[in-house]
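Everything below belongs to work.cif, which stores mmCIF, C-alpha atoms.
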```cif
data_target
#
loop_
_atom_site.group_PDB
_atom_site.id
_atom_site.type_symbol
_atom_site.label_atom_id
_atom_site.label_comp_id
_atom_site.auth_asym_id
_atom_site.auth_seq_id
_atom_site.Cartn_x
_atom_site.Cartn_y
_atom_site.Cartn_z
ATOM 1 C CA MET P 1 129.367 92.235 101.980
ATOM 2 C CA ALA P 2 126.371 90.947 103.929
ATOM 3 C CA SER P 3 126.812 89.852 107.550
ATOM 4 C CA THR P 4 127.996 86.218 107.691
ATOM 5 C CA ARG P 5 125.869 85.385 110.749
ATOM 6 C CA SER P 6 122.746 86.942 109.254
ATOM 7 C CA THR P 7 123.280 85.201 105.918
ATOM 8 C CA ALA P 8 123.834 81.796 107.524
ATOM 9 C CA ALA P 9 120.669 82.088 109.612
ATOM 10 C CA ALA P 10 118.643 83.143 106.571
ATOM 11 C CA ALA P 11 119.967 80.169 104.605
ATOM 12 C CA ALA P 12 118.528 77.821 107.242
ATOM 13 C CA VAL P 13 114.968 79.019 106.527
ATOM 14 C CA PRO P 14 113.220 76.937 103.831
ATOM 15 C CA GLU P 15 111.832 78.786 100.825
ATOM 16 C CA VAL P 16 108.719 78.246 98.714
ATOM 17 C CA ALA P 17 108.530 78.856 94.970
ATOM 18 C CA LEU P 18 105.215 80.624 94.405
ATOM 19 C CA PRO P 19 102.931 78.962 91.846
ATOM 20 C CA SER P 20 102.441 82.122 89.754
ATOM 21 C CA GLY P 21 104.304 85.347 89.107
ATOM 22 C CA ASN P 22 108.052 85.868 88.963
ATOM 23 C CA ALA P 23 108.895 86.651 92.586
ATOM 24 C CA ARG P 24 111.978 85.234 94.225
ATOM 25 C CA PRO P 25 111.219 82.161 96.394
ATOM 26 C CA MET P 26 109.358 83.180 99.528
ATOM 27 C CA PRO P 27 110.963 82.339 102.889
ATOM 28 C CA ALA P 28 108.616 80.026 104.779
ATOM 29 C CA ILE P 29 108.423 82.356 107.789
ATOM 30 C CA GLY P 30 108.005 86.106 107.758
ATOM 31 C CA LEU P 31 107.713 88.965 110.222
ATOM 32 C CA GLY P 32 104.324 90.664 110.337
ATOM 33 C CA THR P 33 104.174 94.398 111.026
ATOM 34 C CA ALA P 34 100.511 94.957 111.925
ATOM 35 C CA ALA P 35 101.529 97.462 114.583
ATOM 36 C CA ILE P 36 99.167 100.340 113.864
ATOM 37 C CA PHE P 37 99.425 101.902 117.316
ATOM 38 C CA LEU P 38 103.193 101.633 117.822
ATOM 39 C CA PRO P 39 105.659 104.383 116.859
ATOM 40 C CA HIS P 40 107.482 103.958 113.547
ATOM 41 C CA GLU P 41 110.770 103.507 115.389
ATOM 42 C CA ALA P 42 109.469 100.294 116.962
ATOM 43 C CA THR P 43 108.823 98.736 113.554
ATOM 44 C CA ARG P 44 112.100 99.968 112.087
ATOM 45 C CA ASP P 45 114.120 98.596 115.004
ATOM 46 C CA ALA P 46 112.245 95.265 114.996
ATOM 47 C CA VAL P 47 112.811 94.764 111.257
ATOM 48 C CA LEU P 48 116.507 95.534 111.631
ATOM 49 C CA ALA P 49 116.765 93.069 114.525
ATOM 50 C CA ALA P 50 114.893 90.457 112.493
ATOM 51 C CA ILE P 51 117.196 90.884 109.504
ATOM 52 C CA GLU P 52 120.198 90.487 111.778
ATOM 53 C CA LEU P 53 118.716 87.255 113.143
ATOM 54 C CA GLY P 54 118.047 85.863 109.659
ATOM 55 C CA PHE P 55 114.516 86.940 108.672
ATOM 56 C CA ARG P 56 114.191 87.798 104.979
ATOM 57 C CA HIS P 57 110.386 87.895 104.596
ATOM 58 C CA PHE P 58 108.407 90.930 105.773
ATOM 59 C CA ASP P 59 104.665 91.534 105.677
ATOM 60 C CA THR P 60 103.088 94.980 105.756
ATOM 61 C CA ALA P 61 99.947 96.697 104.455
ATOM 62 C CA TYR P 62 98.675 100.155 103.635
ATOM 63 C CA LEU P 63 96.340 99.837 106.639
ATOM 64 C CA TYR P 64 99.164 99.110 109.097
ATOM 65 C CA ARG P 65 101.032 102.388 108.435
ATOM 66 C CA THR P 66 104.283 100.449 108.681
ATOM 67 C CA GLU P 67 105.371 100.591 105.036
ATOM 68 C CA LYS P 68 107.655 103.593 105.613
ATOM 69 C CA PRO P 69 109.550 102.213 108.651
ATOM 70 C CA LEU P 70 109.863 98.823 106.950
ATOM 71 C CA GLY P 71 111.410 100.461 103.896
ATOM 72 C CA GLU P 72 113.704 102.543 106.096
ATOM 73 C CA ALA P 73 114.865 99.413 107.932
ATOM 74 C CA VAL P 74 115.652 97.532 104.716
ATOM 75 C CA ALA P 75 117.631 100.503 103.375
ATOM 76 C CA GLU P 76 119.518 100.761 106.681
ATOM 77 C CA ALA P 77 120.234 97.026 106.642
ATOM 78 C CA VAL P 78 121.841 97.434 103.225
ATOM 79 C CA ARG P 79 123.918 100.377 104.484
ATOM 80 C CA ARG P 80 125.083 98.345 107.503
ATOM 81 C CA GLY P 81 125.956 95.330 105.383
ATOM 82 C CA LEU P 82 123.380 93.066 107.035
ATOM 83 C CA ILE P 83 122.120 92.284 103.528
ATOM 84 C CA GLY P 84 123.743 92.887 100.172
ATOM 85 C CA SER P 85 120.738 94.545 98.513
ATOM 86 C CA ARG P 86 116.963 94.979 98.635
ATOM 87 C CA GLU P 87 116.683 91.898 96.388
ATOM 88 C CA GLU P 88 117.635 89.692 99.359
ATOM 89 C CA VAL P 89 114.339 90.379 101.144
ATOM 90 C CA PHE P 90 110.782 89.341 100.255
ATOM 91 C CA VAL P 91 108.277 92.131 100.893
ATOM 92 C CA THR P 92 104.497 91.734 100.912
ATOM 93 C CA SER P 93 102.029 94.601 101.116
ATOM 94 C CA LYS P 94 98.260 94.805 100.778
ATOM 95 C CA LEU P 95 95.521 96.843 99.122
ATOM 96 C CA TRP P 96 93.018 98.148 101.675
ATOM 97 C CA CYS P 97 89.219 98.099 101.315
ATOM 98 C CA THR P 98 89.012 101.823 100.518
ATOM 99 C CA GLN P 99 91.399 101.198 97.622
ATOM 100 C CA CYS P 100 89.475 98.215 96.184
ATOM 101 C CA HIS P 101 88.192 100.084 93.145
ATOM 102 C CA PRO P 102 89.545 99.153 89.693
ATOM 103 C CA ASP P 103 90.847 102.660 88.963
ATOM 104 C CA LEU P 104 92.584 102.945 92.371
ATOM 105 C CA VAL P 105 94.555 99.689 92.438
ATOM 106 C CA VAL P 106 97.629 100.697 90.429
ATOM 107 C CA PRO P 107 97.854 104.203 91.988
ATOM 108 C CA SER P 108 97.534 102.617 95.440
ATOM 109 C CA LEU P 109 100.447 100.277 94.783
ATOM 110 C CA ARG P 110 102.511 103.200 93.505
ATOM 111 C CA GLU P 111 101.790 104.990 96.801
ATOM 112 C CA THR P 112 102.845 101.869 98.726
ATOM 113 C CA LEU P 113 106.092 101.728 96.742
ATOM 114 C CA GLN P 114 106.726 105.396 97.505
ATOM 115 C CA ASN P 115 106.220 104.647 101.202
ATOM 116 C CA LEU P 116 108.610 101.688 100.998
ATOM 117 C CA GLN P 117 111.081 103.574 98.777
ATOM 118 C CA MET P 118 111.210 100.465 96.585
ATOM 119 C CA GLU P 119 110.694 99.842 92.885
ATOM 120 C CA TYR P 120 108.550 96.754 93.416
ATOM 121 C CA VAL P 121 106.967 94.516 96.037
ATOM 122 C CA ASP P 122 107.504 90.785 95.852
ATOM 123 C CA LEU P 123 103.842 90.116 96.612
ATOM 124 C CA TYR P 124 100.777 92.386 96.551
ATOM 125 C CA LEU P 125 97.541 91.140 98.123
ATOM 126 C CA ILE P 126 93.926 92.247 98.233
ATOM 127 C CA HIS P 127 93.657 92.637 102.002
ATOM 128 C CA GLN P 128 89.944 91.826 102.358
ATOM 129 C CA PRO P 129 87.155 90.819 99.950
ATOM 130 C CA ILE P 130 85.382 94.001 101.049
ATOM 131 C CA CYS P 131 85.051 97.334 99.267
ATOM 132 C CA GLN P 132 84.531 100.630 101.048
ATOM 133 C CA LYS P 133 84.026 104.205 99.919
ATOM 134 C CA PRO P 134 87.362 105.691 98.715
ATOM 135 C CA GLY P 135 89.259 107.686 101.294
ATOM 136 C CA PRO P 136 91.619 107.209 104.242
ATOM 137 C CA PRO P 137 91.208 103.949 106.189
ATOM 138 C CA VAL P 138 88.661 104.235 108.989
ATOM 139 C CA PHE P 139 88.198 101.541 111.623
ATOM 140 C CA PRO P 140 85.472 100.733 112.273
ATOM 141 C CA ALA P 141 83.974 101.982 109.024
ATOM 142 C CA LYS P 142 80.458 103.306 108.598
ATOM 143 C CA ARG P 143 78.060 100.674 107.303
ATOM 144 C CA GLU P 144 76.790 103.037 104.636
ATOM 145 C CA ASP P 145 80.366 103.296 103.274
ATOM 146 C CA ALA P 146 80.363 99.628 102.173
ATOM 147 C CA ARG P 147 80.302 99.204 98.399
ATOM 148 C CA PRO P 148 79.760 96.166 96.121
ATOM 149 C CA PHE P 149 83.070 94.400 95.445
ATOM 150 C CA ASP P 150 83.970 94.348 91.743
ATOM 151 C CA PHE P 151 85.881 91.054 91.741
ATOM 152 C CA LYS P 152 86.563 91.133 88.005
ATOM 153 C CA GLY P 153 87.589 94.780 87.798
ATOM 154 C CA VAL P 154 89.781 94.742 90.890
ATOM 155 C CA TRP P 155 91.533 91.495 89.962
ATOM 156 C CA ARG P 156 92.194 92.715 86.413
ATOM 157 C CA ALA P 157 93.827 95.801 87.939
ATOM 158 C CA MET P 158 95.909 93.568 90.208
ATOM 159 C CA GLU P 159 97.074 91.685 87.106
ATOM 160 C CA GLU P 160 98.094 95.027 85.604
ATOM 161 C CA CYS P 161 100.264 95.653 88.693
ATOM 162 C CA GLN P 162 102.163 92.454 87.905
ATOM 163 C CA ARG P 163 102.417 93.198 84.179
ATOM 164 C CA LEU P 164 103.856 96.627 84.971
ATOM 165 C CA GLY P 165 106.507 95.040 87.202
ATOM 166 C CA LEU P 166 105.276 96.909 90.284
ATOM 167 C CA ALA P 167 104.497 93.561 91.940
ATOM 168 C CA ARG P 168 106.408 90.379 91.194
ATOM 169 C CA ALA P 169 103.413 88.276 92.282
ATOM 170 C CA ILE P 170 99.813 88.999 93.260
ATOM 171 C CA GLY P 171 97.319 87.307 95.531
ATOM 172 C CA VAL P 172 94.503 87.676 98.020
ATOM 173 C CA SER P 173 93.931 87.627 101.762
ATOM 174 C CA ASN P 174 90.945 86.557 103.846
ATOM 175 C CA PHE P 175 89.270 85.076 100.759
ATOM 176 C CA THR P 176 86.963 82.124 101.276
ATOM 177 C CA ALA P 177 86.326 79.508 98.597
ATOM 178 C CA LYS P 178 83.240 81.489 97.612
ATOM 179 C CA HIS P 179 85.298 84.611 96.995
ATOM 180 C CA LEU P 180 87.832 82.657 94.962
ATOM 181 C CA ASP P 181 84.981 81.124 92.954
ATOM 182 C CA ARG P 182 84.025 84.678 91.982
ATOM 183 C CA THR P 183 87.601 85.570 90.998
ATOM 184 C CA LEU P 184 89.149 82.572 89.263
ATOM 185 C CA PRO P 185 86.810 82.225 86.239
ATOM 186 C CA PHE P 186 88.136 85.421 84.625
ATOM 187 C CA ALA P 187 91.659 85.472 86.109
ATOM 188 C CA THR P 188 94.407 85.342 83.501
ATOM 189 C CA ILE P 189 96.880 85.188 86.411
ATOM 190 C CA THR P 190 95.922 82.815 89.229
ATOM 191 C CA PRO P 191 96.438 84.307 92.702
ATOM 192 C CA ALA P 192 99.821 83.096 93.932
ATOM 193 C CA VAL P 193 98.779 83.281 97.587
ATOM 194 C CA ASN P 194 95.741 83.331 99.844
ATOM 195 C CA GLN P 195 96.776 84.688 103.245
ATOM 196 C CA VAL P 196 94.310 83.556 105.902
ATOM 197 C CA GLU P 197 94.238 82.671 109.575
ATOM 198 C CA VAL P 198 95.632 79.168 110.182
ATOM 199 C CA ASN P 199 96.601 77.801 113.584
ATOM 200 C CA PRO P 200 95.744 74.835 115.828
ATOM 201 C CA VAL P 201 92.330 76.296 116.706
ATOM 202 C CA CYS P 202 91.611 77.319 113.107
ATOM 203 C CA HIS P 203 92.762 74.490 110.819
ATOM 204 C CA GLN P 204 91.007 75.746 107.658
ATOM 205 C CA GLU P 205 91.289 72.249 106.176
ATOM 206 C CA LYS P 206 88.576 72.712 103.556
ATOM 207 C CA LEU P 207 89.938 76.043 102.332
ATOM 208 C CA ARG P 208 93.523 74.766 102.290
ATOM 209 C CA ARG P 209 92.428 71.792 100.204
ATOM 210 C CA TYR P 210 90.514 74.069 97.826
ATOM 211 C CA CYS P 211 93.591 76.285 97.353
ATOM 212 C CA ALA P 212 95.946 73.338 96.862
ATOM 213 C CA GLU P 213 93.725 71.926 94.124
ATOM 214 C CA ARG P 214 93.884 75.253 92.278
ATOM 215 C CA GLY P 215 97.577 76.002 92.659
ATOM 216 C CA ILE P 216 97.231 78.715 95.306
ATOM 217 C CA HIS P 217 99.779 78.744 98.138
ATOM 218 C CA VAL P 218 98.377 79.385 101.618
ATOM 219 C CA VAL P 219 100.169 81.748 103.979
ATOM 220 C CA ALA P 220 99.042 81.827 107.617
ATOM 221 C CA PHE P 221 98.581 84.940 109.668
ATOM 222 C CA SER P 222 97.988 84.601 113.416
ATOM 223 C CA PRO P 223 99.748 81.188 113.528
ATOM 224 C CA LEU P 224 99.743 81.562 117.309
ATOM 225 C CA GLY P 225 96.095 82.530 117.306
ATOM 226 C CA GLY P 226 96.739 86.220 117.745
ATOM 227 C CA GLN P 227 94.559 88.443 119.847
ATOM 228 C CA ASP P 228 90.978 89.009 118.919
ATOM 229 C CA TRP P 229 90.214 92.498 117.614
ATOM 230 C CA THR P 230 89.309 93.689 121.108
ATOM 231 C CA GLY P 231 92.872 92.862 122.202
ATOM 232 C CA LYS P 232 91.584 90.713 125.055
ATOM 233 C CA GLY P 233 92.155 87.122 124.014
ATOM 234 C CA ASN P 234 94.440 84.622 122.316
ATOM 235 C CA ALA P 235 92.665 81.359 121.505
ATOM 236 C CA VAL P 236 95.832 79.336 120.881
ATOM 237 C CA LEU P 237 97.776 80.471 123.913
ATOM 238 C CA GLU P 238 94.694 79.922 126.108
ATOM 239 C CA SER P 239 94.398 76.283 124.991
ATOM 240 C CA GLU P 240 95.392 73.837 127.730
ATOM 241 C CA VAL P 241 96.548 71.349 125.092
ATOM 242 C CA LEU P 242 99.001 73.825 123.599
ATOM 243 C CA ALA P 243 100.189 74.907 127.017
ATOM 244 C CA GLU P 244 100.943 71.236 127.660
ATOM 245 C CA ILE P 245 102.939 70.779 124.455
ATOM 246 C CA ALA P 246 104.319 74.316 124.335
ATOM 247 C CA LYS P 247 105.849 75.978 121.275
ATOM 248 C CA VAL P 248 104.432 73.517 118.743
ATOM 249 C CA SER P 249 101.924 75.809 117.059
ATOM 250 C CA LEU P 250 104.321 77.312 114.525
ATOM 251 C CA ARG P 251 105.779 73.914 113.709
ATOM 252 C CA TRP P 252 102.271 72.489 113.246
ATOM 253 C CA VAL P 253 101.391 75.241 110.760
ATOM 254 C CA TYR P 254 104.616 74.650 108.843
ATOM 255 C CA GLU P 255 103.959 70.893 108.707
ATOM 256 C CA GLN P 256 100.651 71.616 106.957
ATOM 257 C CA GLY P 257 102.583 72.943 103.951
ATOM 258 C CA VAL P 258 101.639 76.484 104.891
ATOM 259 C CA SER P 259 104.001 79.448 105.118
ATOM 260 C CA LEU P 260 103.533 81.717 108.104
ATOM 261 C CA VAL P 261 103.743 85.335 109.177
ATOM 262 C CA VAL P 262 104.443 85.909 112.864
ATOM 263 C CA LYS P 263 104.057 89.219 114.668
ATOM 264 C CA THR P 264 106.413 89.934 117.522
ATOM 265 C CA TYR P 265 108.845 92.763 118.044
ATOM 266 C CA ASN P 266 110.565 90.929 120.919
ATOM 267 C CA LYS P 267 114.067 89.946 119.820
ATOM 268 C CA GLU P 268 114.202 86.736 121.873
ATOM 269 C CA ARG P 269 110.857 85.548 120.483
ATOM 270 C CA LEU P 270 111.986 86.480 116.972
ATOM 271 C CA LYS P 271 114.945 84.178 117.450
ATOM 272 C CA GLN P 272 112.766 81.374 118.840
ATOM 273 C CA ASN P 273 110.389 81.677 115.888
ATOM 274 C CA LEU P 274 113.215 80.751 113.516
ATOM 275 C CA GLU P 275 113.927 77.548 115.471
ATOM 276 C CA ILE P 276 111.087 75.449 114.042
ATOM 277 C CA PHE P 277 112.680 73.880 110.983
ATOM 278 C CA ASP P 278 115.084 71.246 112.339
ATOM 279 C CA TRP P 279 112.670 69.043 114.322
ATOM 280 C CA GLU P 280 109.242 67.433 113.918
ATOM 281 C CA LEU P 281 106.128 67.033 116.004
ATOM 282 C CA THR P 282 105.483 63.637 117.512
ATOM 283 C CA ASP P 283 102.437 61.638 116.452
ATOM 284 C CA GLU P 284 101.051 62.270 119.938
ATOM 285 C CA ASP P 285 101.406 66.032 119.439
ATOM 286 C CA ARG P 286 99.642 65.830 116.071
ATOM 287 C CA LEU P 287 96.806 63.786 117.561
ATOM 288 C CA LYS P 288 96.286 66.238 120.395
ATOM 289 C CA ILE P 289 96.203 69.184 118.013
ATOM 290 C CA SER P 290 93.724 67.406 115.741
ATOM 291 C CA GLN P 291 91.347 67.139 118.707
ATOM 292 C CA ILE P 292 91.381 70.831 119.672
ATOM 293 C CA PRO P 293 87.920 72.410 119.237
ATOM 294 C CA GLN P 294 87.862 74.728 116.232
ATOM 295 C CA LYS P 295 86.685 78.317 116.463
ATOM 296 C CA LYS P 296 84.146 79.679 114.013
ATOM 297 C CA LEU P 297 85.310 82.421 111.652
ATOM 298 C CA GLU P 298 82.905 85.330 111.806
ATOM 299 C CA GLY P 299 83.672 87.189 108.600
ATOM 300 C CA GLY P 300 84.095 90.898 108.035
ATOM 301 C CA ALA P 301 81.204 92.531 109.920
ATOM 302 C CA PHE P 302 83.602 93.439 112.771
ATOM 303 C CA MET P 303 85.159 96.030 110.440
ATOM 304 C CA PHE P 304 82.001 98.126 110.547
ATOM 305 C CA ALA P 305 80.366 100.111 113.323
ATOM 306 C CA PRO P 306 77.340 98.328 114.870
ATOM 307 C CA GLU P 307 75.037 101.263 114.171
ATOM 308 C CA GLY P 308 73.847 102.357 110.754
ATOM 309 C CA GLU P 309 72.655 100.382 107.747
ATOM 310 C CA PHE P 310 74.319 98.638 104.815
ATOM 311 C CA THR P 311 72.684 100.616 102.001
ATOM 312 C CA SER P 312 74.775 99.480 98.996
ATOM 313 C CA VAL P 313 75.463 95.811 99.778
ATOM 314 C CA ASP P 314 73.680 92.897 101.397
ATOM 315 C CA ILE P 315 74.986 92.115 104.892
ATOM 316 C CA SER P 316 75.717 88.539 103.743
ATOM 317 C CA GLU P 317 78.363 89.996 101.424
ATOM 318 C CA ILE P 318 80.099 91.507 104.450
ATOM 319 C CA ASN P 319 79.481 88.939 107.184
ATOM 320 C CA PHE P 320 81.089 86.127 105.208
ATOM 321 C CA ALA P 321 82.405 82.901 106.681
ATOM 322 C CA ASP P 322 83.486 79.739 104.907
ATOM 323 C CA GLU P 323 81.547 76.598 105.658
#
```
Once more with this new file: its structure as structure tokens, please.
Amino acid sequence: MASTRSTAAAAAVPEVALPSGNARPMPAIGLGTAAIFLPHEATRDAVLAAIELGFRHFDTAYLYRTEKPLGEAVAEAVRRGLIGSREEVFVTSKLWCTQCHPDLVVPSLRETLQNLQMEYVDLYLIHQPICQKPGPPVFPAKREDARPFDFKGVWRAMEECQRLGLARAIGVSNFTAKHLDRTLPFATITPAVNQVEVNPVCHQEKLRRYCAERGIHVVAFSPLGGQDWTGKGNAVLESEVLAEIAKVSLRWVYEQGVSLVVKTYNKERLKQNLEIFDWELTDEDRLKISQIPQKKLEGGAFMFAPEGEFTSVDISEINFADE
């Protein structure tokens, strides 16, 4: 029998029925595990703590190297009776750029499932609209390792993942409207999700509207702004407006009709992150947030070393940013 406290807390989290696929409803808040430089034990312990607190949605990726400890934590949670079975959790993983080749998509998901020790993922996403030379993930990558992205071939392979039952739903991440325009015309399965940055300094109103009109649910990463890729800054937490009306960022994202993935391994903050569903922002809060200057999204060039040349793709294909 699952833990009564854990089950009650999980029941208080709203769920979203995804617009395509046959996944169980997705809890509106999930725990992100982009912890590449932390030991596996840190992820395993954080996921166990999160399950005990009531989290049932977990986000990983091949790039993060956290699939194995996440799977271990879910299996341990079942053994401890924190959850009744694997079916009680919603697990997302992602296809990395080096795997974005039509013939590598299904084998890559099978490798992810082996890492997770699971028979399926609830949601499988294309991590970036960028293709790199096959091989282990390298960050930053060599510019000459960039390859043209086969939107049709890769998406058809993603659809095969769903048809095979390896993924209950499929989607994309970091796709702009332009990328979706290159995917949707031949999609027989519409992406269930587009996971992108959304927070008070990155509203993404145009992209969210585009997705809503096409039946694509938006999931936010970095709902608190996150650190930049140098690890030196957090645009949301540095905002004087948000310091003044503290702890409203997650609630603001949720009020936009967007699900969210938060990344913290601190148990107290995990608990606080679940406490956003039984209150609302004031009109004054909403007005202040609407007036926060918006940062400009820079696209994917940061994933490549500054030296070298893009020999197989045009730099505009890499350094994308939505208008």
Target residues per the PyMOL selection byres ((chain P and resi 121) around 8), formatted as a short mmCIF file (atom, residue, chain, number, x, y, z; two decimals) with C-alpha atoms, in the frame of the given file:
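The new file part13.cif reads:
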```
data_model
loop_
_atom_site.label_atom_id
_atom_site.label_comp_id
_atom_site.auth_asym_id
_atom_site.auth_seq_id
_atom_site.Cartn_x
_atom_site.Cartn_y
_atom_site.Cartn_z
CA PHE P 90 110.78 89.34 100.26
CA VAL P 91 108.28 92.13 100.89
CA THR P 92 104.50 91.73 100.91
CA SER P 93 102.03 94.60 101.12
CA LEU P 113 106.09 101.73 96.74
CA MET P 118 111.21 100.46 96.58
CA GLU P 119 110.69 99.84 92.88
CA TYR P 120 108.55 96.75 93.42
CA ASP P 122 107.50 90.78 95.85
CA LEU P 123 103.84 90.12 96.61
CA TYR P 124 100.78 92.39 96.55
CA LEU P 166 105.28 96.91 90.28
CA ALA P 167 104.50 93.56 91.94
CA ARG P 168 106.41 90.38 91.19
#
```
### Message
For this structure, which residues satisfy the selection - the PyMOL selection byres ((chain P and resi 182-190) around 9) - when it is evaluated on the file as given? I want them as a ChimeraX atom specification.
### Response
/P:19-21,151-152,155-156,159,170-171,177-181,191-193,214-216
### Task
Might you spell out which residues the PyMOL selection byres ((chain P and resi 61) around 12) would select in the displayed file, as a ChimeraX atom specification?
/P:32-36,58-60,62-70,91-97,99,108-109,111-113,115-116,121,123-128,137,173
#### Entry: Proximity to Leu82 of chain P - best of P:Val106, P:Thr7, P:Phe139, P:Gln114, only C-alpha atoms
P:Thr7
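Proximity of P:Glu160, P:Glu15, P:Cys100, P:Thr311 to Val172 of chain P, computed with only C-alpha atoms, is greatest for P:Cys100.
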#### Entry: Interatomic distance, atom CA of Gly300 of chain P to atom CA of Asp103 of chain P (Å, one decimal)
23.4 Å
### Message
Could you list, as a PyMOL selection string, every residue within 10 Å of Asp145 of chain P, counting all atoms listed in the file and ignoring same-chain residues fewer than 2 positions away?
### Response
chain P and resi 98+131-134+141-143+147+304+308-313
### Query
Do you have the atom CA of Pro25 of chain P-atom CA of Val261 of chain P distance handy?
15.1 Å
#### Entry: Closest of P:Cys211, P:Leu281, P:Ala42, P:Val196 to Leu297 of chain P - atom-to-atom distances counting only C-alpha atoms
P:Val196
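With all atoms listed in the file as the atoms that count, the minimum distance from Gln256 of chain P to the choices P:Val198, P:Ala75, P:Val154, P:Leu287 is reached by P:Val198.
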### Task
Choose the residue, out of P:Glu144, P:Val89, P:Ala17, P:Gln195, that has the smallest atom-to-atom separation from Pro306 of chain P; count all atoms listed in the file.
P:Glu144
Protein and nucleic acid residues near (78.9, 93.2, 109.2) (cut-off 6 Å, all atoms listed in the file) as a PDB file with C-alpha atoms, in the coordinates of the input:
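File produced: point.pdb:
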```
ATOM      1  CA  GLY P 300      84.095  90.898 108.035  1.00  0.00           C
ATOM      2  CA  ALA P 301      81.204  92.531 109.920  1.00  0.00           C
ATOM      3  CA  PHE P 302      83.602  93.439 112.771  1.00  0.00           C
ATOM      4  CA  PHE P 304      82.001  98.126 110.547  1.00  0.00           C
ATOM      5  CA  ILE P 315      74.986  92.115 104.892  1.00  0.00           C
ATOM      6  CA  ILE P 318      80.099  91.507 104.450  1.00  0.00           C
ATOM      7  CA  ASN P 319      79.481  88.939 107.184  1.00  0.00           C
TER       8      ASN P 319
END
```
Protein and nucleic acid residues near (117.1, 98.4, 106.7) (cut-off 9 Å, only C-alpha atoms) as a PDB file with C-alpha atoms, in the coordinates of the input:
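Okay, result_13.pdb is ready:
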```
ATOM      1  CA  ARG P  44     112.100  99.968 112.087  1.00  0.00           C
ATOM      2  CA  ASP P  45     114.120  98.596 115.004  1.00  0.00           C
ATOM      3  CA  VAL P  47     112.811  94.764 111.257  1.00  0.00           C
ATOM      4  CA  LEU P  48     116.507  95.534 111.631  1.00  0.00           C
ATOM      5  CA  ILE P  51     117.196  90.884 109.504  1.00  0.00           C
ATOM      6  CA  PRO P  69     109.550 102.213 108.651  1.00  0.00           C
ATOM      7  CA  LEU P  70     109.863  98.823 106.950  1.00  0.00           C
ATOM      8  CA  GLY P  71     111.410 100.461 103.896  1.00  0.00           C
ATOM      9  CA  GLU P  72     113.704 102.543 106.096  1.00  0.00           C
ATOM     10  CA  ALA P  73     114.865  99.413 107.932  1.00  0.00           C
ATOM     11  CA  VAL P  74     115.652  97.532 104.716  1.00  0.00           C
ATOM     12  CA  ALA P  75     117.631 100.503 103.375  1.00  0.00           C
ATOM     13  CA  GLU P  76     119.518 100.761 106.681  1.00  0.00           C
ATOM     14  CA  ALA P  77     120.234  97.026 106.642  1.00  0.00           C
ATOM     15  CA  VAL P  78     121.841  97.434 103.225  1.00  0.00           C
ATOM     16  CA  ARG P  79     123.918 100.377 104.484  1.00  0.00           C
ATOM     17  CA  ARG P  80     125.083  98.345 107.503  1.00  0.00           C
ATOM     18  CA  LEU P  82     123.380  93.066 107.035  1.00  0.00           C
ATOM     19  CA  ILE P  83     122.120  92.284 103.528  1.00  0.00           C
ATOM     20  CA  ARG P  86     116.963  94.979  98.635  1.00  0.00           C
TER      21      ARG P  86
END
```
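With all atoms listed in the file as the atoms that count, the residue of P:Gly225, P:Ala146, P:Pro136, P:Gly165 with the shortest distance to Arg110 of chain P is P:Gly165.
Separating atom CA of Ala28 of chain P from atom CA of Glu88 of chain P is a distance of 14.3 Å.
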